[in-house]
file coords.pdb (PDB, C-alpha atoms)
ATOM      1  CA  MET R   1      24.499 -14.530  17.627
ATOM      2  CA  VAL R   2      21.094 -13.136  18.546
ATOM      3  CA  GLY R   3      20.049 -14.328  21.976
ATOM      4  CA  GLN R   4      16.620 -14.882  23.452
ATOM      5  CA  GLY R   5      16.275 -11.151  24.158
ATOM      6  CA  PRO R   6      14.144  -9.610  26.881
ATOM      7  CA  LEU R   7      10.660 -11.076  27.187
ATOM      8  CA  ARG R   8       8.002  -8.369  27.030
ATOM      9  CA  ASP R   9       4.259  -8.072  27.398
ATOM     10  CA  VAL R  10       3.719  -6.213  24.138
ATOM     11  CA  ARG R  11       0.406  -4.397  23.738
ATOM     12  CA  GLY R  12      -1.085  -2.534  20.801
ATOM     13  CA  ARG R  13      -3.988  -0.110  20.487
ATOM     14  CA  GLY R  14      -6.747  -0.656  23.026
ATOM     15  CA  GLY R  15      -4.415  -2.815  25.093
ATOM     16  CA  ARG R  16      -4.671  -5.779  22.727
ATOM     17  CA  PRO R  17      -1.690  -8.148  22.785
ATOM     18  CA  VAL R  18       0.439  -7.964  19.661
ATOM     19  CA  THR R  19       3.347 -10.041  18.428
ATOM     20  CA  ARG R  20       6.771  -8.455  18.086
ATOM     21  CA  VAL R  21       8.372  -9.841  14.935
ATOM     22  CA  ALA R  22      11.601  -9.441  13.006
ATOM     23  CA  ALA R  23      11.912 -10.104   9.290
ATOM     24  CA  ILE R  24      15.006 -10.029   7.110
ATOM     25  CA  ASP R  25      14.868 -10.081   3.322
ATOM     26  CA  CYS R  26      18.221 -10.738   1.705
ATOM     27  CA  GLY R  27      18.082 -10.139  -2.029
ATOM     28  CA  THR R  28      20.537  -9.788  -4.853
ATOM     29  CA  ASN R  29      21.214  -6.092  -4.361
ATOM     30  CA  SER R  30      20.121  -5.253  -0.817
ATOM     31  CA  ILE R  31      19.404  -6.707   2.608
ATOM     32  CA  ARG R  32      16.539  -5.271   4.609
ATOM     33  CA  LEU R  33      15.286  -5.517   8.180
ATOM     34  CA  LEU R  34      11.842  -4.925   9.644
ATOM     35  CA  VAL R  35      11.115  -5.081  13.360
ATOM     36  CA  ALA R  36       7.418  -4.476  14.017
ATOM     37  CA  ASP R  37       4.449  -5.181  16.240
ATOM     38  CA  ALA R  38       1.836  -7.225  14.368
ATOM     39  CA  ASP R  39      -1.817  -6.885  15.327
ATOM     40  CA  PRO R  40      -3.846  -9.637  13.612
ATOM     41  CA  ALA R  41      -7.107  -8.071  14.814
ATOM     42  CA  THR R  42      -6.574  -4.925  12.727
ATOM     43  CA  GLY R  43      -4.206  -6.219  10.053
ATOM     44  CA  GLU R  44      -1.697  -3.535  11.030
ATOM     45  CA  LEU R  45       2.065  -3.721  11.313
ATOM     46  CA  THR R  46       3.530  -0.975  13.496
ATOM     47  CA  ASP R  47       7.140  -0.389  12.489
ATOM     48  CA  LEU R  48       9.758  -0.190  15.223
ATOM     49  CA  ASP R  49      12.738  -0.283  12.867
ATOM     50  CA  ARG R  50      12.850  -0.587   9.083
ATOM     51  CA  ARG R  51      16.131  -0.256   7.223
ATOM     52  CA  MET R  52      17.954  -1.260   4.084
ATOM     53  CA  THR R  53      21.633  -1.790   3.268
ATOM     54  CA  ILE R  54      23.017  -2.180  -0.249
ATOM     55  CA  VAL R  55      25.354  -5.197  -0.099
ATOM     56  CA  ARG R  56      25.301  -6.453  -3.724
ATOM     57  CA  LEU R  57      25.294 -10.088  -2.596
ATOM     58  CA  GLY R  58      24.634 -11.123  -6.178
ATOM     59  CA  GLN R  59      27.675  -9.314  -7.577
ATOM     60  CA  GLY R  60      28.967 -11.452 -10.459
ATOM     61  CA  VAL R  61      26.696 -14.451  -9.728
ATOM     62  CA  ASP R  62      25.160 -14.420 -13.197
ATOM     63  CA  ARG R  63      28.667 -14.719 -14.686
ATOM     64  CA  THR R  64      30.518 -16.920 -12.152
ATOM     65  CA  GLY R  65      27.760 -18.893 -10.449
ATOM     66  CA  ARG R  66      29.335 -18.102  -7.055
ATOM     67  CA  LEU R  67      28.929 -15.548  -4.285
ATOM     68  CA  ALA R  68      32.029 -13.334  -4.159
ATOM     69  CA  PRO R  69      33.982 -13.233  -0.846
ATOM     70  CA  GLN R  70      33.652  -9.438  -0.695
ATOM     71  CA  ALA R  71      29.896  -9.666  -1.256
ATOM     72  CA  LEU R  72      29.561 -12.227   1.532
ATOM     73  CA  GLU R  73      31.508 -10.048   3.960
ATOM     74  CA  ARG R  74      29.379  -6.979   3.152
ATOM     75  CA  THR R  75      26.280  -9.059   3.825
ATOM     76  CA  PHE R  76      27.619 -10.494   7.079
ATOM     77  CA  ALA R  77      28.528  -6.992   8.290
ATOM     78  CA  ALA R  78      24.913  -5.920   7.758
ATOM     79  CA  CYS R  79      23.711  -9.050   9.566
ATOM     80  CA  ARG R  80      25.835  -8.160  12.601
ATOM     81  CA  GLU R  81      24.283  -4.693  12.680
ATOM     82  CA  TYR R  82      20.784  -6.141  12.363
ATOM     83  CA  ALA R  83      21.449  -8.679  15.144
ATOM     84  CA  GLU R  84      22.042  -5.813  17.589
ATOM     85  CA  ILE R  85      18.780  -4.126  16.601
ATOM     86  CA  ILE R  86      16.756  -7.338  16.937
ATOM     87  CA  GLU R  87      18.287  -7.963  20.359
ATOM     88  CA  LYS R  88      17.521  -4.415  21.499
ATOM     89  CA  HIS R  89      13.841  -4.742  20.600
ATOM     90  CA  GLY R  90      13.446  -8.253  22.008
ATOM     91  CA  ALA R  91      12.244  -9.653  18.697
ATOM     92  CA  SER R  92      14.463 -12.714  18.348
ATOM     93  CA  GLU R  93      11.718 -15.176  19.349
ATOM     94  CA  HIS R  94       9.814 -14.384  16.132
ATOM     95  CA  LEU R  95      12.602 -13.945  13.585
ATOM     96  CA  ARG R  96      12.575 -15.126   9.986
ATOM     97  CA  PHE R  97      15.368 -14.677   7.442
ATOM     98  CA  VAL R  98      14.456 -15.143   3.795
ATOM     99  CA  ALA R  99      17.031 -15.242   1.017
ATOM    100  CA  THR R 100      16.102 -14.768  -2.600
ATOM    101  CA  SER R 101      17.525 -14.968  -6.078
ATOM    102  CA  ALA R 102      21.298 -14.610  -5.634
ATOM    103  CA  SER R 103      21.648 -17.254  -2.943
ATOM    104  CA  ARG R 104      19.268 -19.526  -4.824
ATOM    105  CA  ASP R 105      21.594 -19.523  -7.827
ATOM    106  CA  ALA R 106      25.024 -19.711  -6.150
ATOM    107  CA  GLU R 107      27.174 -22.837  -5.994
ATOM    108  CA  ASN R 108      28.683 -21.790  -2.645
ATOM    109  CA  ARG R 109      25.435 -20.879  -0.924
ATOM    110  CA  ASP R 110      26.440 -23.115   2.026
ATOM    111  CA  ASP R 111      29.066 -20.496   2.961
ATOM    112  CA  PHE R 112      26.292 -17.927   3.076
ATOM    113  CA  VAL R 113      24.040 -20.141   5.213
ATOM    114  CA  ARG R 114      26.778 -20.882   7.766
ATOM    115  CA  GLY R 115      27.662 -17.217   8.143
ATOM    116  CA  VAL R 116      24.059 -16.182   8.759
ATOM    117  CA  VAL R 117      23.512 -18.942  11.330
ATOM    118  CA  ASP R 118      26.667 -17.926  13.210
ATOM    119  CA  ILE R 119      25.548 -14.297  13.420
ATOM    120  CA  LEU R 120      21.766 -14.491  13.821
ATOM    121  CA  GLY R 121      21.124 -17.999  15.090
ATOM    122  CA  VAL R 122      18.585 -18.779  12.358
ATOM    123  CA  GLU R 123      19.043 -20.482   9.045
ATOM    124  CA  PRO R 124      18.208 -18.390   5.988
ATOM    125  CA  GLU R 125      15.360 -19.885   4.018
ATOM    126  CA  VAL R 126      16.264 -19.948   0.361
ATOM    127  CA  ILE R 127      12.731 -19.694  -0.916
ATOM    128  CA  THR R 128      11.384 -20.412  -4.365
ATOM    129  CA  GLY R 129      10.263 -17.677  -6.700
ATOM    130  CA  ASP R 130       6.635 -18.666  -6.119
ATOM    131  CA  GLN R 131       7.040 -18.336  -2.343
ATOM    132  CA  GLU R 132       8.711 -14.980  -2.902
ATOM    133  CA  ALA R 133       5.711 -13.836  -4.904
ATOM    134  CA  GLU R 134       3.267 -14.970  -2.214
ATOM    135  CA  PHE R 135       5.072 -12.942   0.455
ATOM    136  CA  SER R 136       5.235  -9.922  -1.830
ATOM    137  CA  PHE R 137       1.507 -10.093  -2.533
ATOM    138  CA  THR R 138       0.586 -10.331   1.142
ATOM    139  CA  GLY R 139       2.868  -7.496   2.143
ATOM    140  CA  ALA R 140       1.738  -5.181  -0.656
ATOM    141  CA  THR R 141      -2.022  -5.762  -0.620
ATOM    142  CA  LYS R 142      -2.991  -6.452   3.004
ATOM    143  CA  GLU R 143      -3.743  -2.772   3.600
ATOM    144  CA  LEU R 144      -5.211  -2.133   0.110
ATOM    145  CA  THR R 145      -8.046  -4.641   0.095
ATOM    146  CA  GLY R 146     -10.613  -2.311   1.693
ATOM    147  CA  ARG R 147     -10.027   0.674  -0.585
ATOM    148  CA  ASP R 148     -12.838   1.677  -2.938
ATOM    149  CA  ASP R 149     -10.572   3.575  -5.353
ATOM    150  CA  LEU R 150      -8.510   0.511  -6.307
ATOM    151  CA  HIS R 151     -10.042  -2.248  -8.398
ATOM    152  CA  ARG R 152      -9.265  -5.940  -8.268
ATOM    153  CA  PRO R 153      -7.635  -8.135  -9.279
ATOM    154  CA  PHE R 154      -4.256  -6.735  -8.315
ATOM    155  CA  LEU R 155      -1.071  -7.399 -10.252
ATOM    156  CA  VAL R 156       1.852  -7.120  -7.857
ATOM    157  CA  VAL R 157       5.227  -6.728  -9.558
ATOM    158  CA  ASP R 158       8.332  -6.947  -7.365
ATOM    159  CA  ILE R 159      11.405  -5.846  -9.348
ATOM    160  CA  GLY R 160      14.395  -7.174  -7.466
ATOM    161  CA  GLY R 161      18.071  -7.312  -8.220
ATOM    162  CA  GLY R 162      18.173 -10.783  -9.736
ATOM    163  CA  SER R 163      14.554 -11.609 -10.486
ATOM    164  CA  THR R 164      11.111 -10.089 -10.872
ATOM    165  CA  GLU R 165       8.031 -11.640  -9.305
ATOM    166  CA  PHE R 166       4.566 -11.364 -10.831
ATOM    167  CA  VAL R 167       1.476 -12.281  -8.859
ATOM    168  CA  VAL R 168      -2.193 -11.767  -9.655
ATOM    169  CA  GLY R 169      -4.873 -12.082  -7.020
ATOM    170  CA  ASP R 170      -7.902 -10.639  -5.268
ATOM    171  CA  ASP R 171      -7.898 -11.371  -1.545
ATOM    172  CA  ARG R 172      -5.704 -14.372  -2.241
ATOM    173  CA  VAL R 173      -3.108 -15.282  -4.836
ATOM    174  CA  ARG R 174      -4.481 -16.705  -8.081
ATOM    175  CA  ALA R 175      -1.265 -17.122 -10.056
ATOM    176  CA  ALA R 176       2.407 -16.293  -9.564
ATOM    177  CA  ARG R 177       5.657 -16.532 -11.500
ATOM    178  CA  SER R 178       9.253 -15.478 -10.952
ATOM    179  CA  VAL R 179      11.509 -14.722 -13.921
ATOM    180  CA  ASP R 180      15.210 -13.953 -13.961
ATOM    181  CA  VAL R 181      15.106 -10.304 -14.941
ATOM    182  CA  GLY R 182      16.158  -7.930 -12.187
ATOM    183  CA  CYS R 183      17.971  -4.609 -12.219
ATOM    184  CA  VAL R 184      21.378  -6.063 -11.280
ATOM    185  CA  ARG R 185      21.128  -9.110 -13.543
ATOM    186  CA  MET R 186      20.025  -7.018 -16.553
ATOM    187  CA  THR R 187      22.759  -4.445 -15.920
ATOM    188  CA  GLU R 188      25.503  -7.060 -15.639
ATOM    189  CA  ARG R 189      24.222  -9.054 -18.605
ATOM    190  CA  HIS R 190      23.710  -6.176 -21.037
ATOM    191  CA  LEU R 191      25.284  -2.922 -19.858
ATOM    192  CA  VAL R 192      28.751  -3.986 -18.674
ATOM    193  CA  ARG R 193      31.758  -3.832 -20.987
ATOM    194  CA  ASP R 194      35.351  -4.542 -19.891
ATOM    195  CA  GLY R 195      34.274  -4.795 -16.282
ATOM    196  CA  ALA R 196      32.491  -1.440 -16.108
ATOM    197  CA  VAL R 197      28.951  -0.203 -16.742
ATOM    198  CA  THR R 198      28.748   1.626 -20.063
ATOM    199  CA  ASP R 199      28.246   5.329 -19.376
ATOM    200  CA  PRO R 200      25.702   5.882 -20.874
ATOM    201  CA  PRO R 201      24.518   2.636 -22.520
ATOM    202  CA  THR R 202      24.451   2.308 -26.297
ATOM    203  CA  GLU R 203      21.223   1.927 -28.266
ATOM    204  CA  GLU R 204      22.238  -1.648 -29.095
ATOM    205  CA  GLN R 205      22.722  -2.507 -25.418
ATOM    206  CA  ILE R 206      19.341  -1.054 -24.504
ATOM    207  CA  ALA R 207      17.638  -2.920 -27.358
ATOM    208  CA  ALA R 208      19.174  -6.227 -26.264
ATOM    209  CA  MET R 209      18.102  -5.631 -22.682
ATOM    210  CA  ARG R 210      14.576  -4.754 -23.772
ATOM    211  CA  ALA R 211      14.365  -7.955 -25.848
ATOM    212  CA  ASP R 212      15.472  -9.991 -22.821
ATOM    213  CA  ILE R 213      12.787  -8.352 -20.672
ATOM    214  CA  GLU R 214      10.088  -8.926 -23.293
ATOM    215  CA  ALA R 215      11.029 -12.610 -23.508
ATOM    216  CA  ALA R 216      10.723 -12.847 -19.718
ATOM    217  CA  LEU R 217       7.279 -11.248 -19.861
ATOM    218  CA  ASP R 218       6.296 -13.896 -22.422
ATOM    219  CA  ARG R 219       7.353 -16.572 -19.932
ATOM    220  CA  ALA R 220       5.468 -14.900 -17.097
ATOM    221  CA  GLU R 221       2.299 -14.758 -19.196
ATOM    222  CA  GLU R 222       2.401 -18.518 -19.665
ATOM    223  CA  THR R 223       1.127 -18.875 -16.085
ATOM    224  CA  VAL R 224       0.063 -15.414 -14.877
ATOM    225  CA  PRO R 225      -2.798 -13.530 -16.601
ATOM    226  CA  LEU R 226      -0.998 -10.190 -16.521
ATOM    227  CA  ARG R 227      -3.567  -8.361 -18.646
ATOM    228  CA  GLU R 228      -6.543  -9.314 -16.466
ATOM    229  CA  ALA R 229      -5.370  -7.122 -13.600
ATOM    230  CA  ARG R 230      -7.217  -3.892 -12.854
ATOM    231  CA  THR R 231      -4.598  -2.352 -10.529
ATOM    232  CA  LEU R 232      -0.819  -2.558 -10.926
ATOM    233  CA  VAL R 233       1.119  -2.413  -7.653
ATOM    234  CA  GLY R 234       4.884  -1.921  -7.972
ATOM    235  CA  LEU R 235       7.396  -2.894  -5.304
ATOM    236  CA  ALA R 236      11.074  -2.569  -4.447
ATOM    237  CA  GLY R 237      13.804  -0.011  -4.926
ATOM    238  CA  SER R 238      13.625   0.498  -8.679
ATOM    239  CA  VAL R 239       9.920   1.368  -8.478
ATOM    240  CA  THR R 240      10.156   3.518  -5.354
ATOM    241  CA  THR R 241      13.091   5.424  -6.845
ATOM    242  CA  VAL R 242      11.104   6.116 -10.034
ATOM    243  CA  SER R 243       8.330   7.508  -7.819
ATOM    244  CA  ALA R 244      10.787   9.704  -5.928
ATOM    245  CA  ILE R 245      12.112  11.084  -9.232
ATOM    246  CA  ALA R 246       8.568  11.611 -10.538
ATOM    247  CA  GLN R 247       7.748  13.668  -7.451
ATOM    248  CA  ASP R 248      11.057  15.565  -7.630
ATOM    249  CA  LEU R 249      11.641  14.831  -3.953
ATOM    250  CA  PRO R 250      14.545  16.683  -2.310
ATOM    251  CA  GLU R 251      15.461  13.422  -0.533
ATOM    252  CA  TYR R 252      14.122   9.892  -0.302
ATOM    253  CA  ASP R 253      10.837  10.141   1.630
ATOM    254  CA  SER R 254       9.073   6.841   2.344
ATOM    255  CA  ALA R 255       5.856   8.537   3.467
ATOM    256  CA  ALA R 256       5.575  10.513   0.216
ATOM    257  CA  ILE R 257       6.411   7.450  -1.898
ATOM    258  CA  HIS R 258       4.121   4.909  -0.197
ATOM    259  CA  HIS R 259       0.879   4.591  -2.203
ATOM    260  CA  SER R 260       1.908   7.311  -4.648
ATOM    261  CA  ARG R 261       0.796   6.845  -8.256
ATOM    262  CA  VAL R 262       2.934   7.342 -11.329
ATOM    263  CA  SER R 263       1.491   7.445 -14.833
ATOM    264  CA  ARG R 264       2.844   5.309 -17.662
ATOM    265  CA  ASP R 265       3.845   8.415 -19.615
ATOM    266  CA  ARG R 266       5.852   9.694 -16.648
ATOM    267  CA  VAL R 267       7.516   6.296 -16.160
ATOM    268  CA  ARG R 268       8.468   6.305 -19.847
ATOM    269  CA  GLU R 269       9.918   9.814 -19.600
ATOM    270  CA  ILE R 270      11.981   8.949 -16.520
ATOM    271  CA  THR R 271      13.188   5.640 -17.986
ATOM    272  CA  GLU R 272      14.331   7.266 -21.201
ATOM    273  CA  TRP R 273      16.270   9.867 -19.244
ATOM    274  CA  LEU R 274      17.875   7.268 -16.962
ATOM    275  CA  LEU R 275      19.056   5.260 -19.982
ATOM    276  CA  ILE R 276      20.748   8.210 -21.703
ATOM    277  CA  SER R 277      22.158   9.851 -18.571
ATOM    278  CA  THR R 278      25.664   9.477 -17.230
ATOM    279  CA  HIS R 279      26.638   8.010 -13.877
ATOM    280  CA  ALA R 280      27.314  11.512 -12.551
ATOM    281  CA  GLU R 281      23.915  12.799 -13.679
ATOM    282  CA  ARG R 282      22.065   9.932 -12.022
ATOM    283  CA  ALA R 283      24.146  10.239  -8.857
ATOM    284  CA  ALA R 284      23.145  13.900  -8.619
ATOM    285  CA  VAL R 285      19.453  12.987  -8.201
ATOM    286  CA  PRO R 286      18.853  13.813  -4.506
ATOM    287  CA  SER R 287      16.548  10.850  -3.841
ATOM    288  CA  MET R 288      18.870   8.299  -5.467
ATOM    289  CA  HIS R 289      20.542   5.756  -3.190
ATOM    290  CA  PRO R 290      24.241   5.485  -4.184
ATOM    291  CA  GLY R 291      23.882   1.727  -4.588
ATOM    292  CA  ARG R 292      21.187   2.141  -7.252
ATOM    293  CA  VAL R 293      22.952   4.621  -9.528
ATOM    294  CA  ASP R 294      24.244   2.019 -12.005
ATOM    295  CA  VAL R 295      21.232  -0.338 -11.941
ATOM    296  CA  ILE R 296      18.232   2.006 -11.830
ATOM    297  CA  GLY R 297      17.997   2.325 -15.625
ATOM    298  CA  ALA R 298      17.518  -1.421 -16.030
ATOM    299  CA  GLY R 299      14.977  -1.551 -13.197
ATOM    300  CA  ALA R 300      12.966   1.321 -14.649
ATOM    301  CA  LEU R 301      12.949  -0.377 -18.053
ATOM    302  CA  VAL R 302      11.464  -3.517 -16.498
ATOM    303  CA  LEU R 303       8.692  -1.401 -14.948
ATOM    304  CA  LEU R 304       7.982   0.394 -18.218
ATOM    305  CA  ALA R 305       7.853  -2.883 -20.166
ATOM    306  CA  VAL R 306       5.351  -4.303 -17.667
ATOM    307  CA  MET R 307       3.125  -1.240 -17.951
ATOM    308  CA  GLU R 308       3.203  -1.337 -21.729
ATOM    309  CA  ARG R 309       2.510  -5.081 -21.825
ATOM    310  CA  THR R 310      -0.438  -4.888 -19.433
ATOM    311  CA  GLY R 311      -1.835  -1.558 -20.592
ATOM    312  CA  ALA R 312      -1.658  -0.152 -17.063
ATOM    313  CA  GLU R 313      -2.169   3.615 -17.130
ATOM    314  CA  GLU R 314      -0.479   4.026 -13.746
ATOM    315  CA  VAL R 315       1.414   2.133 -11.093
ATOM    316  CA  VAL R 316       0.519   2.284  -7.411
ATOM    317  CA  VAL R 317       3.836   2.339  -5.565
ATOM    318  CA  SER R 318       4.135   0.435  -2.295
ATOM    319  CA  GLU R 319       6.852   0.580   0.325
ATOM    320  CA  HIS R 320       5.288  -2.540   1.844
ATOM    321  CA  ASP R 321       6.400  -5.673   0.092
ATOM    322  CA  ILE R 322       8.000  -9.057   0.665
ATOM    323  CA  LEU R 323       9.505  -7.828   3.947
ATOM    324  CA  ASP R 324       6.036  -7.155   5.374
ATOM    325  CA  GLY R 325       4.808 -10.502   4.057
ATOM    326  CA  ILE R 326       7.668 -12.251   5.846
ATOM    327  CA  ALA R 327       6.798 -10.396   9.044
ATOM    328  CA  TRP R 328       3.155 -11.491   8.861
ATOM    329  CA  SER R 329       4.246 -15.097   8.365
ATOM    330  CA  VAL R 330       5.754 -15.224  11.876
ATOM    331  CA  ALA R 331       3.137 -13.066  13.630
TER     332      ALA R 331
END
call {"tool": "encode", "arguments": {"input": "coords.pdb", "output": "structure tokens"}}
result
Amino acid sequence: MVGQGPLRDVRGRGGRPVTRVAAIDCGTNSIRLLVADADPATGELTDLDRRMTIVRLGQGVDRTGRLAPQALERTFAACREYAEIIEKHGASEHLRFVATSASRDAENRDDFVRGVVDILGVEPEVITGDQEAEFSFTGATKELTGRDDLHRPFLVVDIGGGSTEFVVGDDRVRAARSVDVGCVRMTERHLVRDGAVTDPPTEEQIAAMRADIEAALDRAEETVPLREARTLVGLAGSVTTVSAIAQDLPEYDSAAIHHSRVSRDRVREITEWLLISTHAERAAVPSMHPGRVDVIGAGALVLLAVMERTGAEEVVVSEHDILDGIAWSVA
């Protein structure tokens, strides 16, 4: 369990006091940690440690309604690693653990909660989709609001493993909606046959997945004015991986990806390739995380469908997302 940790007089630029915070975002496909110094005076988060582990917590949840024992153990192993990092940086006093779609849906989520409390000493907050969207918006737009080259309102789209969050706002959120289309959920629902991902998917599978995504966009538009947005901001691993592919990066490079822009035509080209490629071909992409190889096609298709629905000519890609929003909430 994370202890109190060393107490420190933490100072930022100009000697101003800052708050050392730790945020954990546990989603359907990955669990991520951010330890940072938050300076409310400048609106800056200075990263001390930011990392991601693919744990596939939501493996099989859409089919069984339960978190698999192996998925829980992978997640708890990552939590033990993160506990050591939080302790080292003395950030346990301002720690928040947020759990999203998979643990929201699971019958045995109490097993998950107990395990996290035992390891980290805090209870995971199983937040609603609307709360998820609020954090995503704050994390993605806090550093964009002063830029003259980006027009408001923003549409922030966070494509997760189990769900996708849509939020429209200027300085503050105007409308938000979470729908159950994420890269893992769409892959398991449409691209798996006899326990394995079809390699590559059939045209019929892709068409069924696209119809599911379009229906979800219809639901999102009931409450979120998607087409009123002037700037589309895309978050999470599916979007950042599309950007890495678009730039032909020799390895995953967060600095090159953060605030990059990818045109709709390029997103379409990449998505079409991902959906006709084999597992081996996708795995050979140097910027591809091994845990995304089988689900990236579905995630890219969600992004493309959003761009086509909204008419967005490009997507601004952000590495800052719900994790940064969580961090600001405890600063």
call {"tool": "resolve_selection", "arguments": {"input": "coords.pdb", "expression": "the PyMOL selection byres ((chain R and resi 94) around 8)", "output": "list of chain:residue names"}}
result
R:Arg20, R:Val21, R:Ala22, R:Ala91, R:Ser92, R:Glu93, R:Leu95, R:Arg96, R:Val330, R:Ala331
call {"tool": "write_last_selection", "arguments": {"input": "coords.pdb", "atoms": "C-alpha atoms", "output": "CSV table (one decimal), in the coordinates of the input"}}
result
chain,number,residue,atom,x,y,z
R,20,ARG,CA,6.8,-8.5,18.1
R,21,VAL,CA,8.4,-9.8,14.9
R,22,ALA,CA,11.6,-9.4,13.0
R,91,ALA,CA,12.2,-9.7,18.7
R,92,SER,CA,14.5,-12.7,18.3
R,93,GLU,CA,11.7,-15.2,19.3
R,95,LEU,CA,12.6,-13.9,13.6
R,96,ARG,CA,12.6,-15.1,10.0
R,330,VAL,CA,5.8,-15.2,11.9
R,331,ALA,CA,3.1,-13.1,13.6
call {"tool": "atom_distance", "arguments": {"input": "coords.pdb", "atom1": "atom CA of R:Ala220", "atom2": "atom CA of R:Val179"}}
result
6.8 Å
call {"tool": "resolve_selection", "arguments": {"input": "coords.pdb", "expression": "the PyMOL selection byres ((chain R and resi 312) around 9)", "output": "ChimeraX atom specification"}}
result
/R:227,229-232,263-264,306-311,313-315
call {"tool": "residues_near_point", "arguments": {"input": "coords.pdb", "point": "(-6.6, -10.3, -1.3)", "cutoff": "10 Å", "atoms": "only C-alpha atoms", "output": "list of chain:residue names"}}
result
R:Phe137, R:Thr138, R:Ala140, R:Thr141, R:Lys142, R:Glu143, R:Leu144, R:Thr145, R:Gly146, R:Arg152, R:Pro153, R:Phe154, R:Val168, R:Gly169, R:Asp170, R:Asp171, R:Arg172, R:Val173, R:Arg174
call {"tool": "resolve_selection", "arguments": {"input": "coords.pdb", "expression": "the PyMOL selection byres ((chain R and resi 127) around 12)", "output": "PyMOL selection string"}}
result
chain R and resi 25-27+96-105+123-126+128-135+178+322+326
call {"tool": "residues_around", "arguments": {"input": "coords.pdb", "residues": "R:Val117", "least_positions_apart": "3", "cutoff": "12 Å", "atoms": "only C-alpha atoms", "output": "mmCIF file with C-alpha atoms, in the coordinates of the input"}}
result
data_model
loop_
_atom_site.group_PDB
_atom_site.id
_atom_site.type_symbol
_atom_site.label_atom_id
_atom_site.label_comp_id
_atom_site.auth_asym_id
_atom_site.auth_seq_id
_atom_site.Cartn_x
_atom_site.Cartn_y
_atom_site.Cartn_z
ATOM 1 C CA MET R 1 24.499 -14.530 17.627
ATOM 2 C CA VAL R 2 21.094 -13.136 18.546
ATOM 3 C CA PHE R 76 27.619 -10.494 7.079
ATOM 4 C CA CYS R 79 23.711 -9.050 9.566
ATOM 5 C CA ARG R 80 25.835 -8.160 12.601
ATOM 6 C CA ALA R 83 21.449 -8.679 15.144
ATOM 7 C CA ARG R 96 12.575 -15.126 9.986
ATOM 8 C CA PHE R 97 15.368 -14.677 7.442
ATOM 9 C CA ASP R 110 26.440 -23.115 2.026
ATOM 10 C CA ASP R 111 29.066 -20.496 2.961
ATOM 11 C CA PHE R 112 26.292 -17.927 3.076
ATOM 12 C CA VAL R 113 24.040 -20.141 5.213
ATOM 13 C CA ARG R 114 26.778 -20.882 7.766
ATOM 14 C CA LEU R 120 21.766 -14.491 13.821
ATOM 15 C CA GLY R 121 21.124 -17.999 15.090
ATOM 16 C CA VAL R 122 18.585 -18.779 12.358
ATOM 17 C CA GLU R 123 19.043 -20.482 9.045
ATOM 18 C CA PRO R 124 18.208 -18.390 5.988
ATOM 19 C CA GLU R 125 15.360 -19.885 4.018
#
call {"tool": "closest_residue", "arguments": {"input": "coords.pdb", "among": "R:Ala300, R:Val293, R:Cys183, R:Val18", "to": "R:Arg266", "atoms": "only C-alpha atoms"}}
result
R:Ala300
call {"tool": "atom_distance", "arguments": {"input": "coords.pdb", "atom1": "atom CA of R:Gly325", "atom2": "atom CA of R:Val302"}}
result
22.7 Å
call {"tool": "closest_residue", "arguments": {"input": "coords.pdb", "among": "R:Thr42, R:Thr28, R:Asn108, R:Gln205", "to": "R:Gly65", "atoms": "all atoms listed in the file"}}
result
R:Asn108
call {"tool": "closest_residue", "arguments": {"input": "coords.pdb", "among": "R:Leu48, R:Ala208, R:Ile245, R:Val239", "to": "R:Pro286", "atoms": "all atoms listed in the file"}}
result
R:Ile245
call {"tool": "closest_residue", "arguments": {"input": "coords.pdb", "among": "R:Ser163, R:Thr75, R:Thr19, R:Thr187", "to": "R:Val295", "atoms": "all atoms listed in the file"}}
result
R:Thr187
call {"tool": "atom_distance", "arguments": {"input": "coords.pdb", "atom1": "atom CA of R:Gly237", "atom2": "atom CA of R:Gly139"}}
result
15.0 Å
call {"tool": "closest_residue", "arguments": {"input": "coords.pdb", "among": "R:Leu191, R:Val197, R:Ala71, R:Ala244", "to": "R:Met209", "atoms": "all atoms listed in the file"}}
result
R:Leu191
call {"tool": "closest_residue", "arguments": {"input": "coords.pdb", "among": "R:Glu73, R:Asp248, R:Glu44, R:Glu214", "to": "R:Val285", "atoms": "all atoms listed in the file"}}
result
R:Asp248
call {"tool": "residues_near_point", "arguments": {"input": "coords.pdb", "point": "(9.8, 3.2, 6.0)", "cutoff": "7 Å", "atoms": "all atoms listed in the file", "output": "number ranges by chain"}}
result
R: 50, 254, 319
call {"tool": "axis_aligned_box", "arguments": {"input": "coords.pdb", "around": "stretch 230-241 of chain R", "padding_each_side": "8 Å", "output": "JSON"}}
result
{"center_x": 3.3, "center_y": 0.8, "center_z": -8.7, "size_x": 37.0, "size_y": 25.3, "size_z": 24.4}
